[in-house]
>>> print(open('coords.txt').read())   # compact mmCIF, C-alpha atoms
# COMPACT_ATOMS: atom_id res chain seq x y z
CA MET A 3 22.47 -14.22 20.22
CA ASN A 4 24.68 -15.66 17.54
CA ASP A 5 26.39 -12.91 15.58
CA GLU A 6 26.80 -14.94 12.44
CA ILE A 7 25.00 -13.39 9.47
CA LEU A 8 22.92 -15.97 7.64
CA ASN A 9 22.78 -15.98 3.88
CA GLY A 10 19.65 -17.50 2.46
CA VAL A 11 18.70 -18.48 -1.05
CA LEU A 12 16.47 -15.90 -2.69
CA LEU A 13 13.64 -17.67 -4.48
CA ASP A 14 13.55 -15.33 -7.46
CA GLU A 15 12.05 -15.68 -10.92
CA ASP A 16 14.65 -18.20 -12.00
CA CYS A 17 14.34 -20.36 -8.93
CA MET A 18 12.20 -23.45 -9.35
CA LEU A 19 10.84 -25.72 -6.62
CA THR A 20 10.37 -29.46 -6.98
CA LEU A 21 7.18 -31.24 -5.98
CA GLY A 22 8.98 -32.48 -2.86
CA GLU A 23 10.26 -29.07 -1.84
CA LEU A 24 6.88 -27.45 -2.34
CA SER A 25 4.99 -30.12 -0.39
CA ARG A 26 7.50 -29.97 2.42
CA ALA A 27 7.36 -26.18 2.64
CA CYS A 28 3.57 -26.45 3.02
CA ALA A 29 3.87 -29.40 5.42
CA MET A 30 1.43 -31.29 3.19
CA HIS A 31 1.57 -34.50 1.19
CA ALA A 32 2.54 -34.43 -2.46
CA GLU A 33 -1.01 -35.66 -3.22
CA TRP A 34 -2.35 -32.37 -1.95
CA VAL A 35 -0.07 -30.40 -4.27
CA MET A 36 -1.18 -32.68 -7.10
CA GLU A 37 -4.80 -31.75 -6.36
CA LEU A 38 -3.85 -28.08 -6.63
CA VAL A 39 -2.35 -28.78 -10.03
CA ASP A 40 -5.49 -30.68 -11.10
CA GLU A 41 -7.59 -27.72 -10.01
CA GLY A 42 -5.44 -25.40 -12.13
CA ILE A 43 -4.24 -23.43 -9.11
CA LEU A 44 -0.62 -24.29 -9.77
CA GLU A 45 0.93 -24.75 -13.18
CA PRO A 46 4.16 -26.71 -13.03
CA ARG A 47 6.62 -26.91 -15.86
CA GLY A 48 7.38 -30.39 -17.14
CA THR A 49 4.99 -33.13 -18.12
CA GLU A 50 6.30 -35.95 -15.96
CA MET A 51 5.19 -35.56 -12.38
CA ALA A 52 8.57 -36.62 -11.02
CA ARG A 53 10.16 -33.74 -12.88
CA TRP A 54 7.59 -31.08 -12.10
CA GLN A 55 9.10 -27.66 -11.49
CA PHE A 56 7.15 -24.89 -9.79
CA ALA A 57 7.99 -21.21 -10.09
CA ALA A 58 8.72 -19.55 -6.74
CA PRO A 59 5.38 -17.67 -6.42
CA ALA A 60 3.66 -21.10 -6.32
CA LEU A 61 4.74 -21.36 -2.69
CA HIS A 62 2.79 -18.27 -1.68
CA ARG A 63 -0.26 -19.42 -3.65
CA ALA A 64 -0.19 -22.90 -2.19
CA ARG A 65 0.11 -21.58 1.34
CA THR A 66 -2.76 -19.17 0.83
CA VAL A 67 -4.92 -22.09 -0.33
CA LEU A 68 -3.82 -24.07 2.70
CA HIS A 69 -4.85 -21.28 5.06
CA LEU A 70 -8.19 -20.77 3.32
CA GLN A 71 -8.92 -24.49 3.53
CA ARG A 72 -7.86 -24.80 7.12
CA ASP A 73 -9.27 -21.61 8.58
CA LEU A 74 -12.39 -21.06 6.54
CA GLY A 75 -13.31 -24.57 5.46
CA ILE A 76 -13.21 -23.60 1.77
CA ASN A 77 -12.86 -26.46 -0.70
CA LEU A 78 -10.28 -26.44 -3.49
CA SER A 79 -12.43 -24.97 -6.23
CA GLY A 80 -13.64 -22.30 -3.82
CA ALA A 81 -10.05 -21.51 -2.87
CA ALA A 82 -9.12 -21.33 -6.56
CA LEU A 83 -11.91 -18.83 -7.10
CA ALA A 84 -10.85 -16.82 -4.03
CA LEU A 85 -7.27 -16.69 -5.33
CA GLU A 86 -8.40 -15.37 -8.70
CA LEU A 87 -10.60 -12.76 -7.06
CA LEU A 88 -7.77 -11.73 -4.72
CA ASP A 89 -5.48 -11.27 -7.73
CA GLU A 90 -8.13 -9.19 -9.42
CA ILE A 91 -8.66 -7.03 -6.32
CA GLN A 92 -4.92 -6.49 -6.14
CA ASP A 93 -4.87 -5.30 -9.77
CA LEU A 94 -7.84 -3.03 -9.19
CA ARG A 95 -6.25 -1.53 -6.11
CA GLN A 96 -3.12 -0.73 -8.10
CA GLN A 97 -5.22 0.88 -10.82
CA LEU A 98 -7.21 2.85 -8.27
CA TYR A 99 -4.01 4.08 -6.71
CA ARG A 100 -2.69 5.11 -10.12
CA LEU A 101 -5.90 7.00 -10.90
CA ASN A 102 -5.93 8.74 -7.55
CA SER A 103 -2.36 9.84 -7.82
CA SER A 104 -2.78 11.26 -11.33
CA CYS A 105 -5.63 13.60 -10.39
CA MET B 20 -2.77 -9.91 32.22
CA GLU B 21 -6.05 -8.51 30.95
CA PHE B 22 -9.37 -10.30 30.91
CA GLU B 23 -10.57 -11.17 27.39
CA ASP B 24 -14.28 -11.05 26.72
CA TYR B 25 -14.65 -13.77 24.11
CA TYR B 26 -18.31 -12.95 23.54
CA GLU B 27 -17.37 -9.39 22.70
CA VAL B 28 -14.60 -10.56 20.36
CA MET B 29 -17.11 -12.70 18.46
CA GLY B 30 -19.88 -10.10 18.63
CA VAL B 31 -22.43 -12.51 20.09
CA LYS B 32 -24.65 -12.40 23.15
CA ARG B 33 -23.72 -14.44 26.18
CA ASP B 34 -26.71 -16.72 25.60
CA ALA B 35 -25.92 -17.30 21.91
CA THR B 36 -26.55 -20.85 20.69
CA GLN B 37 -23.67 -23.00 19.45
CA ASP B 38 -25.02 -22.52 15.92
CA GLU B 39 -24.98 -18.75 16.30
CA ILE B 40 -21.41 -18.89 17.53
CA LYS B 41 -20.38 -21.03 14.59
CA ARG B 42 -22.03 -18.65 12.12
CA ALA B 43 -20.46 -15.61 13.77
CA TYR B 44 -17.06 -17.29 13.56
CA ARG B 45 -17.42 -18.18 9.88
CA LYS B 46 -18.46 -14.66 9.03
CA LEU B 47 -15.74 -12.89 11.00
CA ALA B 48 -13.08 -15.39 9.92
CA ARG B 49 -13.76 -14.50 6.29
CA LYS B 50 -13.66 -10.82 7.16
CA TYR B 51 -10.39 -10.87 9.06
CA HIS B 52 -8.54 -13.73 7.38
CA PRO B 53 -5.00 -12.36 6.93
CA ASP B 54 -4.77 -13.73 3.37
CA VAL B 55 -7.97 -11.98 2.37
CA SER B 56 -8.42 -8.92 4.57
CA LYS B 57 -6.73 -5.62 3.89
CA GLU B 58 -7.39 -4.28 7.37
CA ALA B 59 -4.18 -3.27 9.08
CA ASP B 60 -4.64 -5.34 12.22
CA ALA B 61 -6.37 -8.28 10.53
CA GLU B 62 -3.78 -10.77 11.70
CA GLU B 63 -4.19 -9.81 15.34
CA LYS B 64 -7.98 -9.77 15.09
CA PHE B 65 -8.01 -13.14 13.37
CA LYS B 66 -5.86 -14.61 16.11
CA ARG B 67 -8.13 -13.30 18.86
CA LEU B 68 -11.14 -14.56 16.98
CA GLY B 69 -9.65 -18.05 16.63
CA GLU B 70 -8.93 -18.08 20.33
CA ALA B 71 -12.43 -16.94 21.27
CA TYR B 72 -13.92 -19.60 19.01
CA GLU B 73 -11.65 -22.27 20.45
CA VAL B 74 -13.29 -21.65 23.81
CA LEU B 75 -16.87 -20.87 22.88
CA LYS B 76 -17.40 -23.68 20.37
CA ASP B 77 -16.50 -26.30 22.96
CA PRO B 78 -19.47 -26.56 25.36
CA GLU B 79 -17.26 -27.63 28.21
CA LYS B 80 -14.66 -24.90 27.84
CA ARG B 81 -17.48 -22.44 27.34
CA ALA B 82 -19.24 -23.52 30.53
CA ALA B 83 -16.02 -23.15 32.49
CA TYR B 84 -15.38 -19.75 30.95
CA ASP B 85 -18.97 -18.64 31.67
CA GLN B 86 -18.67 -19.67 35.27
CA LEU B 87 -15.50 -17.66 35.56
CA GLY B 88 -16.44 -14.73 33.42
CA LYS B 89 -19.75 -13.43 34.70
CA ASN B 90 -18.35 -10.45 36.55
CA TRP B 91 -15.35 -9.68 34.40
CA LYS B 92 -15.10 -6.97 31.77
CA ALA B 93 -12.67 -6.94 28.84
CA GLY B 94 -9.39 -5.24 29.68
CA GLN B 95 -9.62 -5.73 33.44
CA ASP B 96 -6.51 -6.96 35.15
CA PHE B 97 -6.95 -10.66 35.54
CA ASN B 98 -5.49 -13.70 37.25
CA PRO B 99 -7.31 -17.02 37.22
CA PRO B 100 -8.57 -17.99 40.66
CA PRO B 101 -7.11 -21.24 41.97
CA ASP B 102 -9.03 -24.39 41.01
CA TRP B 103 -11.29 -22.36 38.76
CA ASP B 104 -11.54 -25.25 36.36
CA ALA B 105 -12.26 -27.94 38.94
CA GLY B 106 -14.79 -30.36 37.55
CA PHE B 107 -14.01 -29.73 33.91
CA GLU B 108 -11.99 -32.05 31.77
CA PHE B 109 -10.63 -30.26 28.79
CA SER B 110 -6.96 -30.11 29.62
CA GLY B 111 -4.88 -30.65 26.55
CA GLY B 112 -7.66 -31.92 24.35
CA GLY B 113 -9.37 -30.85 21.18
CA TYR B 114 -7.35 -28.02 19.82
CA THR B 115 -8.22 -27.38 16.24
CA GLY B 116 -5.69 -24.63 15.77
CA ALA B 117 -8.22 -22.28 14.25
CA GLY B 118 -5.55 -19.59 14.41
CA GLY B 119 -3.62 -21.12 11.53
CA ASP B 120 0.14 -21.46 11.66
CA SER B 121 0.56 -19.22 14.63
CA GLN B 122 -0.31 -21.68 17.31
CA ALA B 123 0.61 -19.18 20.00
CA TYR B 124 -2.38 -18.34 22.16
CA SER B 125 -2.55 -15.27 24.37
CA ASP B 126 -1.31 -15.39 27.95
CA PHE B 127 -4.92 -15.06 29.03
CA PHE B 128 -5.95 -18.16 27.09
CA GLU B 129 -2.95 -20.17 28.21
CA SER B 130 -3.47 -19.29 31.85
CA LEU B 131 -6.91 -20.87 31.58
CA PHE B 132 -6.68 -23.64 29.07
CA GLY B 133 -3.00 -24.38 28.79
CA ARG B 134 -1.12 -24.54 25.54
CA GLY B 135 -2.28 -26.05 22.30
CA GLY B 136 -0.61 -28.84 20.37
CA GLY B 137 2.78 -28.60 18.76
CA GLY B 138 5.72 -30.51 20.08
CA PHE B 139 5.66 -34.10 21.08
CA SER B 140 7.59 -36.07 23.59
CA SER B 141 11.05 -36.34 22.17
CA ALA B 142 12.02 -38.87 24.81
CA GLY B 143 9.37 -41.33 23.65
CA ALA B 144 10.29 -40.78 20.06
CA ARG B 145 13.92 -41.52 20.72
CA GLN B 146 13.19 -44.83 22.35
CA ARG B 147 11.61 -46.08 19.16
CA GLU B 148 14.52 -44.86 17.03
CA PHE B 149 12.20 -42.54 15.22
CA HIS B 150 13.68 -40.20 12.64
CA MET B 151 11.88 -37.30 11.16
CA ARG B 152 12.94 -34.13 9.46
CA GLY B 153 11.97 -30.98 11.34
CA GLN B 154 9.14 -28.81 10.09
CA ASP B 155 9.73 -25.87 7.81
CA HIS B 156 8.92 -22.57 9.43
CA HIS B 157 7.56 -19.45 7.79
CA ALA B 158 7.89 -15.84 8.84
CA LYS B 159 7.49 -12.40 7.32
CA VAL B 160 10.20 -9.82 7.30
CA LEU B 161 9.41 -6.12 6.91
CA ILE B 162 12.01 -4.11 5.05
CA ASP B 163 12.33 -0.61 3.66
CA LEU B 164 12.32 -0.07 -0.08
CA GLU B 165 15.85 1.30 0.27
CA ASP B 166 16.94 -2.12 1.61
CA ALA B 167 15.85 -3.72 -1.66
CA TYR B 168 18.14 -1.31 -3.52
CA GLN B 169 21.17 -1.68 -1.30
CA GLY B 170 20.71 -4.97 0.51
CA ALA B 171 20.66 -5.10 4.30
CA THR B 172 20.99 -7.31 7.32
CA ARG B 173 17.99 -7.72 9.56
CA ASN B 174 17.52 -9.23 12.98
CA ILE B 175 14.59 -11.58 12.97
CA THR B 176 13.03 -12.73 16.20
CA LEU B 177 11.05 -15.95 16.14
CA GLN B 178 8.92 -17.57 18.79
CA VAL B 179 9.93 -21.20 18.86
CA PRO B 180 7.86 -23.77 20.77
CA GLU B 181 10.09 -26.32 22.44
CA VAL B 182 9.66 -29.25 24.75
CA ASP B 183 11.62 -28.78 27.96
CA ALA B 184 13.20 -31.49 30.10
CA SER B 185 9.99 -32.15 32.02
CA GLY B 186 7.94 -32.52 28.84
CA HIS B 187 6.25 -29.12 28.90
CA VAL B 188 5.94 -26.97 25.83
CA ILE B 189 7.71 -23.68 26.32
CA THR B 190 8.15 -20.78 23.92
CA ARG B 191 11.68 -19.67 23.37
CA GLN B 192 12.78 -16.54 21.55
CA ARG B 193 15.32 -17.00 18.88
CA THR B 194 17.02 -14.15 17.07
CA LEU B 195 18.70 -14.58 13.72
CA LYS B 196 20.76 -12.13 11.74
CA VAL B 197 19.82 -12.51 8.11
CA ARG B 198 21.22 -10.90 5.01
CA ILE B 199 18.55 -9.45 2.75
CA PRO B 200 20.05 -9.60 -0.73
CA LYS B 201 19.94 -6.61 -3.03
CA GLY B 202 17.13 -6.73 -5.58
CA VAL B 203 14.37 -8.46 -3.59
CA LYS B 204 10.75 -7.89 -4.55
CA GLN B 205 7.60 -7.71 -2.48
CA GLY B 206 6.33 -11.22 -1.72
CA GLN B 207 9.56 -13.02 -2.60
CA GLN B 208 10.82 -15.70 -0.29
CA ILE B 209 14.25 -16.32 1.14
CA ARG B 210 15.00 -19.88 2.13
CA LEU B 211 17.37 -20.45 5.03
CA ALA B 212 18.33 -24.10 4.95
CA GLY B 213 18.35 -25.85 8.30
CA GLN B 214 16.91 -22.90 10.26
CA GLY B 215 13.45 -24.41 10.76
CA ALA B 216 12.37 -26.77 13.51
CA PRO B 217 14.95 -29.31 14.67
CA GLY B 218 14.42 -32.86 13.45
CA VAL B 219 13.81 -35.93 15.53
CA GLY B 220 16.49 -38.59 15.80
CA GLN B 221 18.71 -38.35 12.79
CA GLY B 222 16.22 -36.31 10.77
CA GLY B 223 17.71 -32.98 9.76
CA SER B 224 16.31 -29.59 10.69
CA GLY B 225 13.61 -28.00 8.58
CA ASP B 226 14.09 -24.83 6.58
CA LEU B 227 13.02 -21.32 7.43
CA TYR B 228 11.20 -19.34 4.75
CA LEU B 229 11.14 -15.57 5.06
CA GLU B 230 8.62 -13.65 3.01
CA ILE B 231 9.68 -10.15 2.04
CA GLU B 232 7.24 -7.37 2.70
CA PHE B 233 7.92 -3.70 2.08
CA LYS B 234 6.94 -1.12 4.64
CA PRO B 235 4.60 1.39 3.02
CA HIS B 236 6.58 4.38 1.81
CA PRO B 237 5.31 7.95 2.15
CA PHE B 238 6.01 8.83 -1.49
CA TYR B 239 7.24 5.86 -3.49
CA ARG B 240 4.89 3.23 -4.82
CA VAL B 241 6.21 -0.16 -5.91
CA GLU B 242 4.89 -2.54 -8.56
CA GLY B 243 7.13 -5.56 -9.01
CA ARG B 244 10.54 -4.01 -9.61
CA ASP B 245 9.18 -0.71 -10.93
CA VAL B 246 8.99 2.27 -8.59
CA TYR B 247 6.64 5.22 -9.04
CA LEU B 248 6.89 8.75 -7.74
CA GLU B 249 4.61 11.72 -8.13
CA LEU B 250 6.92 14.71 -8.52
CA PRO B 251 5.62 18.21 -7.74
CA VAL B 252 6.90 20.86 -10.16
CA ALA B 253 6.37 24.61 -10.39
CA PRO B 254 4.36 25.93 -13.39
CA TRP B 255 7.46 27.60 -14.86
CA GLU B 256 9.48 24.37 -14.54
CA ALA B 257 6.81 22.53 -16.53
CA ALA B 258 6.36 25.36 -19.04
CA LEU B 259 9.96 26.30 -19.67
CA GLY B 260 11.55 22.91 -19.04
CA GLY B 261 14.80 22.48 -17.20
CA LYS B 262 16.57 20.36 -14.68
CA VAL B 263 14.92 19.43 -11.38
CA LYS B 264 16.07 17.25 -8.51
CA VAL B 265 14.33 13.89 -8.04
CA PRO B 266 14.68 11.73 -4.94
CA THR B 267 15.10 8.01 -5.65
CA PRO B 268 15.78 5.19 -3.18
CA SER B 269 19.34 5.10 -4.52
CA GLY B 270 19.96 8.82 -4.13
CA VAL B 271 19.05 12.18 -5.64
CA LEU B 272 19.10 12.41 -9.45
CA ASP B 273 18.75 15.28 -11.91
CA LEU B 274 15.79 14.99 -14.25
CA LYS B 275 15.49 17.06 -17.41
CA ILE B 276 11.94 18.22 -17.95
CA PRO B 277 11.01 19.03 -21.56
CA PRO B 278 9.44 22.44 -22.19
CA ASN B 279 5.64 22.57 -22.28
CA SER B 280 5.20 19.53 -20.04
CA THR B 281 1.69 19.00 -18.75
CA SER B 282 0.53 17.81 -15.36
CA GLY B 283 0.42 14.02 -15.28
CA ARG B 284 3.23 13.61 -17.80
CA LYS B 285 5.04 10.36 -17.15
CA MET B 286 8.78 10.04 -17.50
CA ARG B 287 10.85 6.92 -17.20
CA LEU B 288 14.27 6.59 -15.68
CA LYS B 289 15.36 3.32 -17.16
CA GLY B 290 16.94 0.81 -14.81
CA LYS B 291 16.51 3.05 -11.76
CA GLY B 292 13.88 0.80 -10.17
CA ILE B 293 14.75 -2.11 -7.92
CA PRO B 294 18.01 -3.66 -9.17
CA GLY B 295 18.14 -7.25 -10.40
CA LYS B 296 19.08 -9.35 -13.40
CA LYS B 297 16.37 -7.37 -15.10
CA ALA B 298 16.34 -4.11 -13.15
CA GLY B 299 13.07 -2.25 -12.74
CA ASP B 300 12.41 1.28 -13.98
CA PHE B 301 11.71 4.43 -12.02
CA TYR B 302 8.66 6.34 -13.19
CA VAL B 303 8.14 9.99 -12.44
CA GLN B 304 4.74 11.54 -12.89
CA LEU B 305 4.73 15.32 -12.95
CA LYS B 306 2.25 17.19 -10.82
CA ILE B 307 2.10 20.92 -11.38
CA VAL B 308 1.71 22.79 -8.13
CA LEU B 309 0.57 26.40 -8.13
CA PRO B 310 2.25 28.92 -5.89
CA PRO B 311 -0.47 30.34 -3.59
CA ALA B 312 -1.65 33.88 -4.24
CA ASP B 313 -1.17 34.80 -0.63
CA SER B 314 0.78 38.05 -0.89
CA GLU B 315 0.25 41.33 -2.73
CA LYS B 316 3.21 40.56 -4.93
CA ALA B 317 1.91 37.12 -5.87
CA LYS B 318 -1.56 38.47 -6.56
CA ALA B 319 -0.12 41.20 -8.77
CA PHE B 320 1.82 38.56 -10.65
CA TYR B 321 -1.24 36.39 -11.31
CA GLU B 322 -3.10 39.53 -12.35
CA LYS B 323 -0.37 40.26 -14.86
CA MET B 324 -0.57 36.71 -16.26
CA LYS B 325 -4.31 37.10 -16.62
CA GLN B 326 -3.82 40.33 -18.59
CA GLU B 327 -0.93 39.26 -20.75
CA LEU B 328 -1.39 35.53 -21.45
CA PRO B 329 -4.13 34.78 -23.95
CA PHE B 330 -5.08 31.43 -22.40
CA ASN B 331 -8.42 29.67 -22.11
CA PRO B 332 -8.03 26.37 -20.27
CA ARG B 333 -11.58 25.40 -21.35
CA ALA B 334 -11.11 26.00 -25.05
CA ALA B 335 -11.52 22.29 -25.78
CA LEU B 336 -14.87 22.33 -23.99
CA GLY B 337 -16.13 25.01 -26.34
CA VAL B 338 -16.76 27.64 -23.68
>>> encode(input="coords.txt", output="structure tokens")
Amino acid sequence: MNDEILNGVLLDEDCMLTLGELSRACAMHAEWVMELVDEGILEPRGTEMARWQFAAPALHRARTVLHLQRDLGINLSGAALALELLDEIQDLRQQLYRLNSSC
Amino acid sequence: MEFEDYYEVMGVKRDATQDEIKRAYRKLARKYHPDVSKEADAEEKFKRLGEAYEVLKDPEKRAAYDQLGKNWKAGQDFNPPPDWDAGFEFSGGGYTGAGGDSQAYSDFFESLFGRGGGGFSSAGARQREFHMRGQDHHAKVLIDLEDAYQGATRNITLQVPEVDASGHVITRQRTLKVRIPKGVKQGQQIRLAGQGAPGVGQGGSGDLYLEIEFKPHPFYRVEGRDVYLELPVAPWEAALGGKVKVPTPSGVLDLKIPPNSTSGRKMRLKGKGIPGKKAGDFYVQLKIVLPPADSEKAKAFYEKMKQELPFNPRAALGV
């Protein structure tokens, strides 16, 4: 094993990904990412496509869509719906936890 | 190696039709999909399911498996008999990769059906002067909440498929030492440039993305950069106020409780959440805990309170 300690780049709130970086990290074509934008799943900053900037959480969202498409045969609008419902479930779980712990 | 009963994994009878198998897969895949399911071992179950489906959905693989599997039970020690697959032609073909990114099949599966895709002949590629950047890889890294406060280094072991000299795909273990920077949040990604799959020809290596996941903590709860703790206090601490000790991931702090605090009172320790450009806050919620009346002395004390404190906890209810 190499003992060198690797320092990565933390993709935090300020870190933005380009269309190229995002497509590459999903191993998909840029056209696929563009479809996600058309569907409203991802909301890039910038009007010109060549200058699109995606906030770091877009990577997680895009990869979740990819898995849902690949593994479950869900189409894009279905995946968009699933993502919204997953977010909602997450919020509800947090609320439930808060309620349980304050009793 | 243990025998895997793929029918059991998919919850179907041995004489299930191909349609029934497909339906069972769809249903279970939705249930155990790691991006959707909250079950602890969803990832493992989903992988086994994908593997079972890979075999049972393909009539030829299924026939071979049936021929082999009549007398086996799940969990039995297993080695494939020689030439068990004679007469079947499925070697190397038709892998859909139902298991998602993790293309690694179990030893049991590989002993029967070989390895799935992934990797291509690098020799052939080189002849044609083919250049391609290596794939980006993704992995999760589990850390403690304390690591997010202080930063840490973690050893990360990855299974890397590689093509050996004779053209076979082998899995190699690769261990990396990675610095986890201070201030990371659940779900954030760390990009390690050039640590993904090697490229072909003059194409550079891909990147490795590590997704941060916190191990569940017995008493802290995390939301973004804010950290929550339910703090037990004695009735007299809540009633009289005073200083109590509070554990935080960055060490023990003193917290001043105002007199007449009620159970459920929330207090904020500003900036004591996960550090960052905009540090999170640490929230303490008081929980009044009664000392048990389990001795004569304690009982006498409660009795005295009953006599001397004019207190009706149900006054607001009008009774």
>>> interface_residues(input="coords.txt", of="chain B", to="chain A", cutoff="6 Å", atoms="all atoms listed in the file", output="list in words")
Ala117, Asp155, Lys196, Val197, Arg198, Gln208, Ile209, Arg210, Leu211 and Gly283 of chain B
>>> closest_residue(input="coords.txt", among="B:Met151, B:Ala167, B:Leu177, B:Val271", to="Gly218 in chain B", atoms="only C-alpha atoms")
B:Met151
>>> residues_around(input="coords.txt", residues="Gln55 in chain A", least_positions_apart="5", cutoff="8 Å", atoms="only C-alpha atoms", output="number ranges by chain")
A: 18-21, 46-48
>>> residues_near_point(input="coords.txt", point="(0.3, 18.5, -14.6)", cutoff="10 Å", atoms="all atoms listed in the file", output="list in words")
Ser104 and Cys105 of chain A; Leu250, Pro251, Val252, Ala253, Pro254, Ala257, Ser280, Thr281, Ser282, Gly283, Arg284, Lys285, Gln304, Leu305, Lys306, Ile307 and Val308 of chain B
>>> closest_residue(input="coords.txt", among="B:Leu68, B:Leu227, B:Ala317, B:Val246", to="Gly213 in chain B", atoms="all atoms listed in the file")
B:Leu227
>>> atom_distance(input="coords.txt", atom1="CA of Arg49 in chain B", atom2="CA of Gln97 in chain A")
24.5 Å
>>> residues_around(input="coords.txt", residues="range 32-38 of chain A", least_positions_apart="2", cutoff="9 Å", atoms="only C-alpha atoms", output="PyMOL selection string")
chain A and resi 21-22+24-26+30+40-45+51+64+67+78+82
>>> closest_residue(input="coords.txt", among="B:Leu229, B:Val241, B:Ile199, B:Ala212", to="Glu23 in chain A", atoms="all atoms listed in the file")
B:Ala212
>>> residues_around(input="coords.txt", residues="range 214-217 of chain B", least_positions_apart="2", cutoff="9 Å", atoms="all atoms listed in the file", output="ChimeraX atom specification")
/B:152-157,179,210-212,219,222-228
>>> residues_around(input="coords.txt", residues="Ser125 in chain B", least_positions_apart="6", cutoff="9 Å", atoms="only C-alpha atoms", output="NGL selection string")
:B and (66-67 or 70)
>>> write_last_selection(input="coords.txt", atoms="C-alpha atoms", output="PDB file, keeping the file's coordinate frame")
ATOM      1  CA  LYS B  66      -5.860 -14.610  16.110  1.00  0.00           C
ATOM      2  CA  ARG B  67      -8.130 -13.300  18.860  1.00  0.00           C
ATOM      3  CA  GLU B  70      -8.930 -18.080  20.330  1.00  0.00           C
TER       4      GLU B  70
END
>>> atom_distance(input="coords.txt", atom1="CA of Ile175 in chain B", atom2="CA of Ile293 in chain B")
22.9 Å
>>> atom_distance(input="coords.txt", atom1="CA of Gly186 in chain B", atom2="CA of His150 in chain B")
18.8 Å
>>> residues_around(input="coords.txt", residues="range 25-39 of chain B", least_positions_apart="5", cutoff="7 Å", atoms="all atoms listed in the file", output="list of chain:residue names")
B:Tyr44, B:Leu68, B:Ala71, B:Lys76
>>> closest_residue(input="coords.txt", among="B:Lys57, B:Lys80, B:Lys297, B:Lys46", to="Ile91 in chain A", atoms="all atoms listed in the file")
B:Lys57
